[in-house]
file run.pdb (PDB, C-alpha atoms and all ligand atoms)
ATOM      1  CA  MET A 914      14.490 -15.213   7.868
ATOM      2  CA  ASN A 915      13.000 -13.032   5.111
ATOM      3  CA  ARG A 916      10.076 -10.824   6.057
ATOM      4  CA  LEU A 917       6.994 -10.526   3.848
ATOM      5  CA  LEU A 918       3.717  -8.667   4.165
ATOM      6  CA  LEU A 919       0.558 -10.479   3.079
ATOM      7  CA  LEU A 920      -2.406  -8.225   2.352
ATOM      8  CA  ALA A 921      -5.686 -10.095   2.012
ATOM      9  CA  THR A 922      -8.626  -8.623   0.107
ATOM     10  CA  GLY A 923     -10.990 -11.592  -0.395
ATOM     11  CA  GLY A 924     -11.976 -13.276  -3.638
ATOM     12  CA  THR A 925     -12.439 -16.923  -4.516
ATOM     13  CA  ILE A 926      -9.098 -17.772  -2.975
ATOM     14  CA  ALA A 927     -10.825 -16.957   0.326
ATOM     15  CA  GLY A 928     -14.152 -18.423  -0.798
ATOM     16  CA  CYS A 929     -16.159 -21.271   0.745
ATOM     17  CA  ALA A 930     -18.775 -23.633  -0.670
ATOM     18  CA  SER A 931     -20.970 -26.132   1.131
ATOM     19  CA  ASP A 932     -18.903 -29.131  -0.023
ATOM     20  CA  SER A 933     -15.717 -29.932  -1.882
ATOM     21  CA  ALA A 934     -17.402 -30.844  -5.165
ATOM     22  CA  THR A 935     -19.134 -27.468  -5.460
ATOM     23  CA  LEU A 936     -17.044 -25.237  -7.687
ATOM     24  CA  ASN A 937     -19.376 -22.445  -8.784
ATOM     25  CA  ASP A 938     -21.925 -21.909  -6.041
ATOM     26  CA  TYR A 939     -19.803 -20.464  -3.258
ATOM     27  CA  THR A 940     -19.307 -17.270  -1.310
ATOM     28  CA  ALA A 941     -16.144 -15.323  -2.092
ATOM     29  CA  GLY A 942     -14.240 -13.492   0.644
ATOM     30  CA  VAL A 943     -15.088 -15.673   3.621
ATOM     31  CA  LEU A 944     -11.743 -16.863   5.021
ATOM     32  CA  GLY A 945      -9.307 -14.362   6.461
ATOM     33  CA  GLY A 946      -5.712 -14.018   5.342
ATOM     34  CA  ASP A 947      -4.574 -15.900   8.472
ATOM     35  CA  ALA A 948      -6.545 -18.955   7.390
ATOM     36  CA  LEU A 949      -5.082 -18.787   3.865
ATOM     37  CA  LEU A 950      -1.606 -18.709   5.346
ATOM     38  CA  ALA A 951      -2.352 -21.519   7.796
ATOM     39  CA  ALA A 952      -3.516 -23.710   4.897
ATOM     40  CA  VAL A 953       0.024 -23.682   3.463
ATOM     41  CA  PRO A 954       2.339 -24.761   6.316
ATOM     42  CA  ALA A 955       5.315 -24.925   3.921
ATOM     43  CA  LEU A 956       5.274 -21.119   3.813
ATOM     44  CA  GLN A 957       6.678 -21.048   7.339
ATOM     45  CA  ASP A 958       9.970 -22.379   5.988
ATOM     46  CA  LEU A 959      10.210 -19.601   3.424
ATOM     47  CA  ALA A 960       9.596 -16.379   5.333
ATOM     48  CA  THR A 961       8.163 -14.658   8.353
ATOM     49  CA  ILE A 962       4.868 -13.434   6.950
ATOM     50  CA  SER A 963       2.691 -10.858   8.674
ATOM     51  CA  VAL A 964      -0.907 -10.803   7.547
ATOM     52  CA  GLU A 965      -3.259  -7.844   7.294
ATOM     53  CA  GLN A 966      -6.843  -7.873   6.122
ATOM     54  CA  VAL A 967      -7.508  -4.904   3.848
ATOM     55  CA  ALA A 968     -10.939  -6.158   2.743
ATOM     56  CA  ASN A 969     -12.780  -9.446   2.423
ATOM     57  CA  VAL A 970     -14.969  -9.053  -0.616
ATOM     58  CA  ASP A 971     -15.675 -10.488  -4.017
ATOM     59  CA  SER A 972     -13.411  -8.406  -6.235
ATOM     60  CA  ALA A 973     -16.437  -7.143  -8.183
ATOM     61  CA  ASP A 974     -17.286  -5.281  -4.959
ATOM     62  CA  LEU A 975     -13.888  -3.738  -4.484
ATOM     63  CA  LEU A 976     -14.108   0.024  -3.915
ATOM     64  CA  PHE A 977     -11.792   2.960  -4.498
ATOM     65  CA  GLU A 978     -11.364   3.134  -0.722
ATOM     66  CA  HIS A 979      -9.901  -0.395  -0.789
ATOM     67  CA  TRP A 980      -7.479   0.660  -3.527
ATOM     68  CA  ARG A 981      -6.496   3.648  -1.443
ATOM     69  CA  ALA A 982      -5.944   1.480   1.649
ATOM     70  CA  LEU A 983      -3.802  -0.962  -0.333
ATOM     71  CA  VAL A 984      -1.638   1.737  -1.864
ATOM     72  CA  ASP A 985      -1.158   3.571   1.444
ATOM     73  CA  ARG A 986      -0.305   0.365   3.275
ATOM     74  CA  ILE A 987       2.230  -0.817   0.693
ATOM     75  CA  ARG A 988       3.922   2.573   0.541
ATOM     76  CA  ASP A 989       4.086   2.774   4.357
ATOM     77  CA  ALA A 990       5.350  -0.790   4.717
ATOM     78  CA  PHE A 991       8.175  -0.282   2.214
ATOM     79  CA  ALA A 992       9.104   3.078   3.743
ATOM     80  CA  ALA A 993       9.073   1.780   7.315
ATOM     81  CA  ASP A 994      10.932  -1.489   6.780
ATOM     82  CA  PRO A 995      13.984  -1.501   4.548
ATOM     83  CA  VAL A 996      14.386  -5.224   5.161
ATOM     84  CA  LEU A 997      10.872  -6.139   4.062
ATOM     85  CA  ALA A 998      11.409  -8.434   1.067
ATOM     86  CA  GLY A 999       8.123  -7.746  -0.694
ATOM     87  CA  VAL A1000       4.342  -7.728  -0.536
ATOM     88  CA  VAL A1001       1.908 -10.449  -1.578
ATOM     89  CA  ILE A1002      -1.764  -9.615  -2.115
ATOM     90  CA  THR A1003      -4.559 -12.179  -2.233
ATOM     91  CA  HIS A1004      -7.317 -10.913  -4.520
ATOM     92  CA  GLY A1005     -10.396 -11.997  -6.442
ATOM     93  CA  THR A1006      -9.498 -12.824 -10.015
ATOM     94  CA  ASN A1007     -12.250 -10.806 -11.698
ATOM     95  CA  THR A1008     -10.683  -7.388 -11.191
ATOM     96  CA  LEU A1009      -7.197  -8.491 -10.182
ATOM     97  CA  GLU A1010      -5.618  -7.040 -13.314
ATOM     98  CA  GLU A1011      -7.042  -3.583 -12.540
ATOM     99  CA  THR A1012      -5.564  -3.562  -9.039
ATOM    100  CA  ALA A1013      -2.239  -4.844 -10.362
ATOM    101  CA  TRP A1014      -2.096  -2.064 -12.967
ATOM    102  CA  LEU A1015      -3.143   0.593 -10.448
ATOM    103  CA  LEU A1016      -0.317  -0.462  -8.117
ATOM    104  CA  GLN A1017       2.141  -0.568 -11.008
ATOM    105  CA  LEU A1018       1.397   3.098 -11.723
ATOM    106  CA  LEU A1019       1.667   4.172  -8.079
ATOM    107  CA  ILE A1020       4.213   2.058  -6.184
ATOM    108  CA  ASP A1021       7.780   3.178  -6.702
ATOM    109  CA  ASP A1022       9.960   0.510  -5.134
ATOM    110  CA  PRO A1023      12.055  -2.236  -6.725
ATOM    111  CA  ARG A1024      10.836  -4.790  -4.213
ATOM    112  CA  PRO A1025       8.228  -7.186  -5.583
ATOM    113  CA  VAL A1026       4.507  -6.677  -5.166
ATOM    114  CA  VAL A1027       2.805  -9.917  -6.219
ATOM    115  CA  LEU A1028      -0.922 -10.548  -6.631
ATOM    116  CA  VAL A1029      -2.394 -14.029  -6.452
ATOM    117  CA  GLY A1030      -5.917 -15.396  -6.658
ATOM    118  CA  ALA A1031      -7.700 -18.647  -7.315
ATOM    119  CA  MET A1032     -10.285 -19.956  -9.724
ATOM    120  CA  ARG A1033     -11.603 -22.549  -7.271
ATOM    121  CA  PRO A1034     -12.824 -21.783  -3.770
ATOM    122  CA  ALA A1035     -10.682 -22.779  -0.807
ATOM    123  CA  THR A1036     -13.066 -25.644  -0.008
ATOM    124  CA  ALA A1037     -12.850 -27.240  -3.481
ATOM    125  CA  LEU A1038     -11.172 -30.464  -4.473
ATOM    126  CA  SER A1039      -7.827 -29.455  -5.953
ATOM    127  CA  ALA A1040      -8.247 -25.859  -4.860
ATOM    128  CA  ASP A1041      -5.652 -23.788  -6.725
ATOM    129  CA  GLY A1042      -5.331 -21.044  -4.108
ATOM    130  CA  PRO A1043      -2.761 -22.698  -1.817
ATOM    131  CA  LEU A1044      -0.268 -23.393  -4.617
ATOM    132  CA  ASN A1045      -0.811 -19.949  -6.152
ATOM    133  CA  LEU A1046      -0.146 -18.398  -2.751
ATOM    134  CA  PHE A1047       2.955 -20.527  -2.219
ATOM    135  CA  GLN A1048       4.308 -19.664  -5.647
ATOM    136  CA  GLY A1049       3.409 -16.001  -5.211
ATOM    137  CA  VAL A1050       5.505 -15.950  -2.053
ATOM    138  CA  GLN A1051       8.356 -17.745  -3.844
ATOM    139  CA  VAL A1052       8.301 -15.080  -6.535
ATOM    140  CA  ALA A1053       8.061 -12.203  -4.046
ATOM    141  CA  LEU A1054      11.129 -13.548  -2.237
ATOM    142  CA  SER A1055      13.193 -14.070  -5.361
ATOM    143  CA  SER A1056      15.894 -11.629  -6.360
ATOM    144  CA  GLU A1057      14.818 -12.119 -10.002
ATOM    145  CA  ALA A1058      11.505 -10.415  -9.312
ATOM    146  CA  ARG A1059      13.118  -7.161  -8.171
ATOM    147  CA  GLY A1060      12.540  -4.240 -10.506
ATOM    148  CA  HIS A1061       9.853  -5.932 -12.580
ATOM    149  CA  GLY A1062       7.078  -3.847 -11.072
ATOM    150  CA  VAL A1063       3.849  -5.439  -9.955
ATOM    151  CA  LEU A1064       3.486  -9.116 -10.829
ATOM    152  CA  VAL A1065       0.606 -11.569 -11.021
ATOM    153  CA  VAL A1066       1.307 -15.230 -10.248
ATOM    154  CA  MET A1067      -1.356 -17.719 -11.330
ATOM    155  CA  ASP A1068      -1.042 -21.352 -12.330
ATOM    156  CA  GLY A1069       2.752 -21.248 -12.327
ATOM    157  CA  GLN A1070       2.944 -18.286 -14.698
ATOM    158  CA  ILE A1071       4.396 -14.906 -13.795
ATOM    159  CA  HIS A1072       2.715 -12.005 -15.567
ATOM    160  CA  GLY A1073       3.492  -8.298 -15.666
ATOM    161  CA  ALA A1074       0.770  -5.913 -14.495
ATOM    162  CA  ARG A1075       0.484  -4.095 -17.806
ATOM    163  CA  ALA A1076      -0.186  -7.034 -20.084
ATOM    164  CA  VAL A1077      -1.944  -9.502 -17.813
ATOM    165  CA  THR A1078      -5.652 -10.075 -18.209
ATOM    166  CA  LYS A1079      -8.244 -12.626 -17.204
ATOM    167  CA  VAL A1080      -9.185 -14.507 -20.364
ATOM    168  CA  ALA A1081     -11.484 -17.292 -19.159
ATOM    169  CA  THR A1082     -14.404 -17.689 -16.802
ATOM    170  CA  GLN A1083     -13.420 -21.237 -15.824
ATOM    171  CA  GLY A1084     -10.266 -23.239 -15.327
ATOM    172  CA  VAL A1085      -7.123 -22.584 -13.334
ATOM    173  CA  GLY A1086      -5.214 -21.223 -16.338
ATOM    174  CA  ALA A1087      -7.493 -18.240 -16.700
ATOM    175  CA  PHE A1088      -4.827 -15.542 -17.021
ATOM    176  CA  ALA A1089      -2.716 -14.566 -19.990
ATOM    177  CA  SER A1090      -0.521 -11.730 -21.177
ATOM    178  CA  LEU A1091      -1.988 -11.361 -24.630
ATOM    179  CA  GLY A1092       0.465 -10.307 -27.273
ATOM    180  CA  SER A1093       3.547 -10.680 -25.124
ATOM    181  CA  GLY A1094       3.185 -13.905 -23.125
ATOM    182  CA  PRO A1095       4.097 -14.284 -19.458
ATOM    183  CA  LEU A1096       7.283 -12.744 -18.107
ATOM    184  CA  GLY A1097       8.334 -16.055 -16.578
ATOM    185  CA  TRP A1098       7.424 -19.187 -14.665
ATOM    186  CA  VAL A1099       7.654 -20.613 -11.186
ATOM    187  CA  ASP A1100       7.867 -24.364 -10.690
ATOM    188  CA  GLY A1101       9.337 -27.005  -8.415
ATOM    189  CA  VAL A1102      12.842 -25.948  -9.372
ATOM    190  CA  GLY A1103      12.331 -22.264  -8.634
ATOM    191  CA  VAL A1104      11.569 -18.891 -10.154
ATOM    192  CA  HIS A1105      12.434 -18.400 -13.815
ATOM    193  CA  LEU A1106      12.336 -14.748 -14.628
ATOM    194  CA  PRO A1107      14.783 -12.735 -16.721
ATOM    195  CA  THR A1108      16.477  -9.873 -14.923
ATOM    196  CA  ALA A1109      14.477  -6.661 -15.153
ATOM    197  CA  SER A1110      15.832  -4.214 -17.691
ATOM    198  CA  GLY A1111      16.689  -0.829 -16.229
ATOM    199  CA  SER A1112      14.612   1.407 -14.047
ATOM    200  CA  ARG A1113      10.883   1.492 -14.356
ATOM    201  CA  GLN A1114       8.722   4.541 -14.953
ATOM    202  CA  VAL A1115       6.241   5.093 -12.096
ATOM    203  CA  PRO A1116       4.213   8.052 -13.352
ATOM    204  CA  PHE A1117       2.084   8.559 -10.249
ATOM    205  CA  ALA A1118       4.691   7.719  -7.593
ATOM    206  CA  GLY A1119       4.044  10.932  -5.685
ATOM    207  CA  LEU A1120       0.259  10.926  -5.987
ATOM    208  CA  ALA A1121      -1.648  10.755  -2.693
ATOM    209  CA  LEU A1122      -5.024   9.125  -3.236
ATOM    210  CA  PRO A1123      -8.044  11.081  -2.000
ATOM    211  CA  GLU A1124     -11.357   9.854  -0.575
ATOM    212  CA  GLN A1125     -13.418  11.069  -3.514
ATOM    213  CA  TRP A1126     -12.656   9.678  -6.970
ATOM    214  CA  PRO A1127     -14.087  10.811 -10.301
ATOM    215  CA  GLN A1128     -16.522   8.680 -12.237
ATOM    216  CA  VAL A1129     -14.997   7.208 -15.407
ATOM    217  CA  PRO A1130     -17.492   5.001 -17.264
ATOM    218  CA  ILE A1131     -16.582   2.567 -20.033
ATOM    219  CA  VAL A1132     -18.810   2.700 -23.119
ATOM    220  CA  TYR A1133     -18.691  -0.524 -25.157
ATOM    221  CA  GLY A1134     -18.803  -0.510 -28.957
ATOM    222  CA  CYS A1135     -21.199  -2.738 -30.926
ATOM    223  CA  VAL A1136     -23.468  -2.665 -33.984
ATOM    224  CA  GLU A1137     -25.708   0.418 -33.857
ATOM    225  CA  PRO A1138     -24.769   1.433 -30.319
ATOM    226  CA  GLY A1139     -27.265   4.308 -30.309
ATOM    227  CA  PRO A1140     -26.519   7.646 -28.661
ATOM    228  CA  LEU A1141     -28.138   6.794 -25.316
ATOM    229  CA  LEU A1142     -25.168   5.755 -23.176
ATOM    230  CA  LEU A1143     -22.591   8.152 -24.537
ATOM    231  CA  THR A1144     -24.996  11.084 -24.351
ATOM    232  CA  ALA A1145     -25.984  10.150 -20.803
ATOM    233  CA  CYS A1146     -22.325  10.089 -19.744
ATOM    234  CA  LEU A1147     -21.640  13.482 -21.288
ATOM    235  CA  ASN A1148     -24.812  15.001 -19.843
ATOM    236  CA  ALA A1149     -23.896  13.606 -16.430
ATOM    237  CA  GLY A1150     -20.690  15.642 -16.617
ATOM    238  CA  VAL A1151     -18.274  12.750 -16.200
ATOM    239  CA  SER A1152     -14.699  13.956 -16.090
ATOM    240  CA  GLY A1153     -13.289  10.885 -17.809
ATOM    241  CA  LEU A1154     -14.487   8.290 -20.267
ATOM    242  CA  VAL A1155     -13.185   5.176 -21.992
ATOM    243  CA  LEU A1156     -14.686   4.307 -25.367
ATOM    244  CA  THR A1157     -14.207   0.661 -26.306
ATOM    245  CA  GLY A1158     -14.203   0.763 -30.071
ATOM    246  CA  THR A1159     -14.609  -2.206 -32.374
ATOM    247  CA  GLY A1160     -11.582  -3.669 -34.170
ATOM    248  CA  ALA A1161      -8.589  -1.409 -33.747
ATOM    249  CA  GLY A1162     -10.671   0.983 -31.656
ATOM    250  CA  GLN A1163     -13.062   2.222 -34.309
ATOM    251  CA  LEU A1164     -16.053   4.272 -33.186
ATOM    252  CA  SER A1165     -19.324   4.292 -35.090
ATOM    253  CA  ALA A1166     -20.326   7.348 -37.102
ATOM    254  CA  GLY A1167     -23.173   7.864 -34.615
ATOM    255  CA  GLU A1168     -20.790   7.986 -31.657
ATOM    256  CA  CYS A1169     -18.538  10.402 -33.524
ATOM    257  CA  ARG A1170     -21.549  12.627 -34.217
ATOM    258  CA  VAL A1171     -22.447  12.682 -30.506
ATOM    259  CA  LEU A1172     -18.894  13.690 -29.602
ATOM    260  CA  GLU A1173     -18.767  16.273 -32.379
ATOM    261  CA  ALA A1174     -22.004  17.882 -31.303
ATOM    262  CA  TRP A1175     -21.093  17.976 -27.627
ATOM    263  CA  ALA A1176     -20.655  21.611 -26.638
ATOM    264  CA  GLY A1177     -19.926  21.116 -22.953
ATOM    265  CA  PRO A1178     -16.577  20.505 -21.293
ATOM    266  CA  ARG A1179     -14.838  17.515 -22.839
ATOM    267  CA  PRO A1180     -13.996  14.628 -20.493
ATOM    268  CA  LEU A1181     -10.511  13.111 -20.580
ATOM    269  CA  MET A1182     -11.235  10.336 -23.086
ATOM    270  CA  LEU A1183      -9.311   7.257 -24.141
ATOM    271  CA  ARG A1184     -10.245   5.151 -27.133
ATOM    272  CA  ALA A1185      -9.510   1.460 -26.491
ATOM    273  CA  ASN A1186     -10.553  -1.712 -28.328
ATOM    274  CA  ARG A1187     -12.682  -4.727 -27.596
ATOM    275  CA  CYS A1188     -10.478  -7.314 -29.350
ATOM    276  CA  GLY A1189      -8.422  -8.171 -26.302
ATOM    277  CA  SER A1190      -5.023  -7.720 -27.879
ATOM    278  CA  GLY A1191      -3.213  -5.424 -30.258
ATOM    279  CA  PRO A1192      -2.811  -1.657 -30.229
ATOM    280  CA  VAL A1193      -5.141   1.215 -30.946
ATOM    281  CA  HIS A1194      -3.232   3.849 -32.898
ATOM    282  CA  GLY A1195      -4.081   7.535 -32.991
ATOM    283  CA  CYS A1196      -5.911   8.981 -36.015
ATOM    284  CA  PRO A1197      -6.643  12.532 -37.217
ATOM    285  CA  GLU A1198     -10.242  12.288 -35.942
ATOM    286  CA  ASP A1199      -8.977  11.928 -32.373
ATOM    287  CA  GLU A1200      -7.767  15.495 -32.186
ATOM    288  CA  ARG A1201     -11.084  16.872 -33.437
ATOM    289  CA  LEU A1202     -13.177  14.764 -31.071
ATOM    290  CA  GLY A1203     -10.943  15.166 -28.044
ATOM    291  CA  LEU A1204      -9.952  11.504 -27.950
ATOM    292  CA  LEU A1205      -6.665   9.762 -27.270
ATOM    293  CA  ALA A1206      -5.740   6.299 -28.500
ATOM    294  CA  ALA A1207      -5.207   3.911 -25.575
ATOM    295  CA  GLY A1208      -2.379   1.963 -27.257
ATOM    296  CA  SER A1209      -2.363  -1.624 -26.073
ATOM    297  CA  LEU A1210      -4.201  -0.978 -22.804
ATOM    298  CA  ASN A1211      -7.447  -2.876 -22.498
ATOM    299  CA  PRO A1212     -10.524  -0.786 -21.602
ATOM    300  CA  GLN A1213     -10.449  -1.557 -17.875
ATOM    301  CA  LYS A1214      -6.767  -0.642 -17.634
ATOM    302  CA  ALA A1215      -7.296   2.454 -19.764
ATOM    303  CA  ARG A1216      -9.916   3.456 -17.199
ATOM    304  CA  VAL A1217      -7.436   3.062 -14.328
ATOM    305  CA  LEU A1218      -5.028   5.320 -16.200
ATOM    306  CA  VAL A1219      -7.698   7.969 -16.787
ATOM    307  CA  LEU A1220      -8.718   7.812 -13.111
ATOM    308  CA  LEU A1221      -5.165   8.439 -11.941
ATOM    309  CA  ALA A1222      -4.558  11.122 -14.567
ATOM    310  CA  LEU A1223      -7.663  12.946 -13.356
ATOM    311  CA  LEU A1224      -6.663  12.590  -9.707
ATOM    312  CA  ALA A1225      -3.239  13.999 -10.590
ATOM    313  CA  GLY A1226      -4.825  16.927 -12.472
ATOM    314  CA  TRP A1227      -3.296  15.892 -15.786
ATOM    315  CA  ASN A1228      -4.529  17.241 -19.092
ATOM    316  CA  ARG A1229      -4.820  15.492 -22.430
ATOM    317  CA  VAL A1230      -1.304  16.436 -23.527
ATOM    318  CA  GLN A1231       0.282  14.947 -20.397
ATOM    319  CA  LEU A1232      -1.733  11.766 -20.763
ATOM    320  CA  ALA A1233      -0.805  11.507 -24.451
ATOM    321  CA  ALA A1234       2.889  11.826 -23.573
ATOM    322  CA  LEU A1235       2.641   8.999 -21.064
ATOM    323  CA  ILE A1236       0.888   6.682 -23.517
ATOM    324  CA  THR A1237       3.438   7.480 -26.208
ATOM    325  CA  ALA A1238       6.324   6.802 -23.835
ATOM    326  CA  SER A1239       4.861   3.463 -22.847
ATOM    327  CA  PRO A1240       2.496   2.343 -25.613
TER     328      PRO A1240
HETATM  329  N1  LIG B   1     -15.731 -13.834  -7.699
HETATM  330  C1  LIG B   1     -14.348 -13.876  -7.602
HETATM  331  C2  LIG B   1     -13.714 -12.530  -7.390
HETATM  332  O1  LIG B   1     -13.654 -12.098  -6.270
HETATM  333  C3  LIG B   1     -13.733 -14.591  -8.731
HETATM  334  C4  LIG B   1     -12.423 -15.099  -8.324
HETATM  335  O2  LIG B   1     -11.823 -14.644  -7.371
HETATM  336  O3  LIG B   1     -11.925 -15.997  -9.015
HETATM  337  O4  LIG B   1     -13.263 -11.885  -8.305
END

call {"tool": "encode", "arguments": {"input": "run.pdb", "output": "structure tokens", "more": "lines below"}}
Ligand code: ASP
result
Amino acid sequence: MNRLLLLATGGTIAGCASDSATLNDYTAGVLGGDALLAAVPALQDLATISVEQVANVDSADLLFEHWRALVDRIRDAFAADPVLAGVVITHGTNTLEETAWLLQLLIDDPRPVVLVGAMRPATALSADGPLNLFQGVQVALSSEARGHGVLVVMDGQIHGARAVTKVATQGVGAFASLGSGPLGWVDGVGVHLPTASGSRQVPFAGLALPEQWPQVPIVYGCVEPGPLLLTACLNAGVSGLVLTGTGAGQLSAGECRVLEAWAGPRPLMLRANRCGSGPVHGCPEDERLGLLAAGSLNPQKARVLVLLALLAGWNRVQLAALITASP
């Protein structure tokens, strides 16, 4: 029998409401991973699954210490058990893509790491969690998933960690890989995923995560943003920053003036966009202002990259090289 590790972190998939017709007013992160597993008896035929509770929170309340615990546990589990087929993580959907991307940058193993969540609480009519969990396990056990990096399985779609994002506040089909589409599908017939092409770059494979993490705020672009937020971040001495420009990552003249006038140490800064898909390309201004174009990373994923780059002691040139290698 295949062996799998299930790491539970909370979210709506573990959420409970007062009755089955209540879909929005519920508490996330109530049921433990054991209960999620017990709700899908068919899983017993697929694998021997050991469950560990890493957290039980709404994913908006996830902390860096939870990320650290997840990364350490996955690395240890893969190192200690060569026969372990893969890892499945149950997670709140709101920040699931950030955790998936973090793991993608840190976990260097061809075995699948699959994140699943749910849009309806476990108590709801037609709760989507049990099927997502079942299909996540199917994917984690499949040979096709090897070498694809970290995957997200929601509503029968298999997404890669880099492109996947939550695109809707309601409905079970709330995830998409904008620009590229899902990597594959899982259905009643099985897992449909093309074979992974070649070896994957894991830029922070050797990075041990510390207790203290830097602060990396995201500043959001809009009409007349005013200097308040950006100036406050710079004055606070943040070591990293993500600027979410409008359109293809354009900053306002006012924001550029703030950056130009800043005489203190320059944070590691990525310039992303608020459109949701499409790249941000570098421009001559970037060099002068100390910015780097975030390519096709959305702002929250750009932030994860800056966090890890800072933890690894990278400078702007190293970060630029990584983004260019994998735009
Ligand atoms: N509030 C939930 C969370 O933990 C939303 C969800 O899981 O769908 O992110």

call {"tool": "resolve_selection", "arguments": {"input": "run.pdb", "expression": "the PyMOL selection byres (((chain A and resi 1065) around 12) and not hetatm)", "output": "PyMOL selection string"}}
result
chain A and resi 1000-1006+1009-1014+1016-1017+1025-1031+1045-1046+1048-1050+1052-1053+1058+1061-1064+1066-1079+1087-1090+1095-1099

call {"tool": "write_last_selection", "arguments": {"input": "run.pdb", "atoms": "C-alpha atoms", "output": "PDB file, in the frame of the given file"}}
result
ATOM      1  CA  VAL A1000       4.342  -7.728  -0.536  1.00  0.00           C
ATOM      2  CA  VAL A1001       1.908 -10.449  -1.578  1.00  0.00           C
ATOM      3  CA  ILE A1002      -1.764  -9.615  -2.115  1.00  0.00           C
ATOM      4  CA  THR A1003      -4.559 -12.179  -2.233  1.00  0.00           C
ATOM      5  CA  HIS A1004      -7.317 -10.913  -4.520  1.00  0.00           C
ATOM      6  CA  GLY A1005     -10.396 -11.997  -6.442  1.00  0.00           C
ATOM      7  CA  THR A1006      -9.498 -12.824 -10.015  1.00  0.00           C
ATOM      8  CA  LEU A1009      -7.197  -8.491 -10.182  1.00  0.00           C
ATOM      9  CA  GLU A1010      -5.618  -7.040 -13.314  1.00  0.00           C
ATOM     10  CA  GLU A1011      -7.042  -3.583 -12.540  1.00  0.00           C
ATOM     11  CA  THR A1012      -5.564  -3.562  -9.039  1.00  0.00           C
ATOM     12  CA  ALA A1013      -2.239  -4.844 -10.362  1.00  0.00           C
ATOM     13  CA  TRP A1014      -2.096  -2.064 -12.967  1.00  0.00           C
ATOM     14  CA  LEU A1016      -0.317  -0.462  -8.117  1.00  0.00           C
ATOM     15  CA  GLN A1017       2.141  -0.568 -11.008  1.00  0.00           C
ATOM     16  CA  PRO A1025       8.228  -7.186  -5.583  1.00  0.00           C
ATOM     17  CA  VAL A1026       4.507  -6.677  -5.166  1.00  0.00           C
ATOM     18  CA  VAL A1027       2.805  -9.917  -6.219  1.00  0.00           C
ATOM     19  CA  LEU A1028      -0.922 -10.548  -6.631  1.00  0.00           C
ATOM     20  CA  VAL A1029      -2.394 -14.029  -6.452  1.00  0.00           C
ATOM     21  CA  GLY A1030      -5.917 -15.396  -6.658  1.00  0.00           C
ATOM     22  CA  ALA A1031      -7.700 -18.647  -7.315  1.00  0.00           C
ATOM     23  CA  ASN A1045      -0.811 -19.949  -6.152  1.00  0.00           C
ATOM     24  CA  LEU A1046      -0.146 -18.398  -2.751  1.00  0.00           C
ATOM     25  CA  GLN A1048       4.308 -19.664  -5.647  1.00  0.00           C
ATOM     26  CA  GLY A1049       3.409 -16.001  -5.211  1.00  0.00           C
ATOM     27  CA  VAL A1050       5.505 -15.950  -2.053  1.00  0.00           C
ATOM     28  CA  VAL A1052       8.301 -15.080  -6.535  1.00  0.00           C
ATOM     29  CA  ALA A1053       8.061 -12.203  -4.046  1.00  0.00           C
ATOM     30  CA  ALA A1058      11.505 -10.415  -9.312  1.00  0.00           C
ATOM     31  CA  HIS A1061       9.853  -5.932 -12.580  1.00  0.00           C
ATOM     32  CA  GLY A1062       7.078  -3.847 -11.072  1.00  0.00           C
ATOM     33  CA  VAL A1063       3.849  -5.439  -9.955  1.00  0.00           C
ATOM     34  CA  LEU A1064       3.486  -9.116 -10.829  1.00  0.00           C
ATOM     35  CA  VAL A1066       1.307 -15.230 -10.248  1.00  0.00           C
ATOM     36  CA  MET A1067      -1.356 -17.719 -11.330  1.00  0.00           C
ATOM     37  CA  ASP A1068      -1.042 -21.352 -12.330  1.00  0.00           C
ATOM     38  CA  GLY A1069       2.752 -21.248 -12.327  1.00  0.00           C
ATOM     39  CA  GLN A1070       2.944 -18.286 -14.698  1.00  0.00           C
ATOM     40  CA  ILE A1071       4.396 -14.906 -13.795  1.00  0.00           C
ATOM     41  CA  HIS A1072       2.715 -12.005 -15.567  1.00  0.00           C
ATOM     42  CA  GLY A1073       3.492  -8.298 -15.666  1.00  0.00           C
ATOM     43  CA  ALA A1074       0.770  -5.913 -14.495  1.00  0.00           C
ATOM     44  CA  ARG A1075       0.484  -4.095 -17.806  1.00  0.00           C
ATOM     45  CA  ALA A1076      -0.186  -7.034 -20.084  1.00  0.00           C
ATOM     46  CA  VAL A1077      -1.944  -9.502 -17.813  1.00  0.00           C
ATOM     47  CA  THR A1078      -5.652 -10.075 -18.209  1.00  0.00           C
ATOM     48  CA  LYS A1079      -8.244 -12.626 -17.204  1.00  0.00           C
ATOM     49  CA  ALA A1087      -7.493 -18.240 -16.700  1.00  0.00           C
ATOM     50  CA  PHE A1088      -4.827 -15.542 -17.021  1.00  0.00           C
ATOM     51  CA  ALA A1089      -2.716 -14.566 -19.990  1.00  0.00           C
ATOM     52  CA  SER A1090      -0.521 -11.730 -21.177  1.00  0.00           C
ATOM     53  CA  PRO A1095       4.097 -14.284 -19.458  1.00  0.00           C
ATOM     54  CA  LEU A1096       7.283 -12.744 -18.107  1.00  0.00           C
ATOM     55  CA  GLY A1097       8.334 -16.055 -16.578  1.00  0.00           C
ATOM     56  CA  TRP A1098       7.424 -19.187 -14.665  1.00  0.00           C
ATOM     57  CA  VAL A1099       7.654 -20.613 -11.186  1.00  0.00           C
TER      58      VAL A1099
END

call {"tool": "resolve_selection", "arguments": {"input": "run.pdb", "expression": "the PyMOL selection byres (((not hetatm)) within 10 of (chain B and resi 1))", "output": "PyMOL selection string"}}
result
chain A and resi 922-928+937+939-942+969-975+1003-1009+1029-1034+1042+1079+1082-1085+1087

call {"tool": "residues_around", "arguments": {"input": "run.pdb", "residues": "Arg1113 in chain A", "least_positions_apart": "3", "cutoff": "9 Å", "atoms": "all atoms listed in the file", "output": "MDAnalysis selection string"}}
result
chainID A and resid 1021 1023 1060:1062 1109:1110
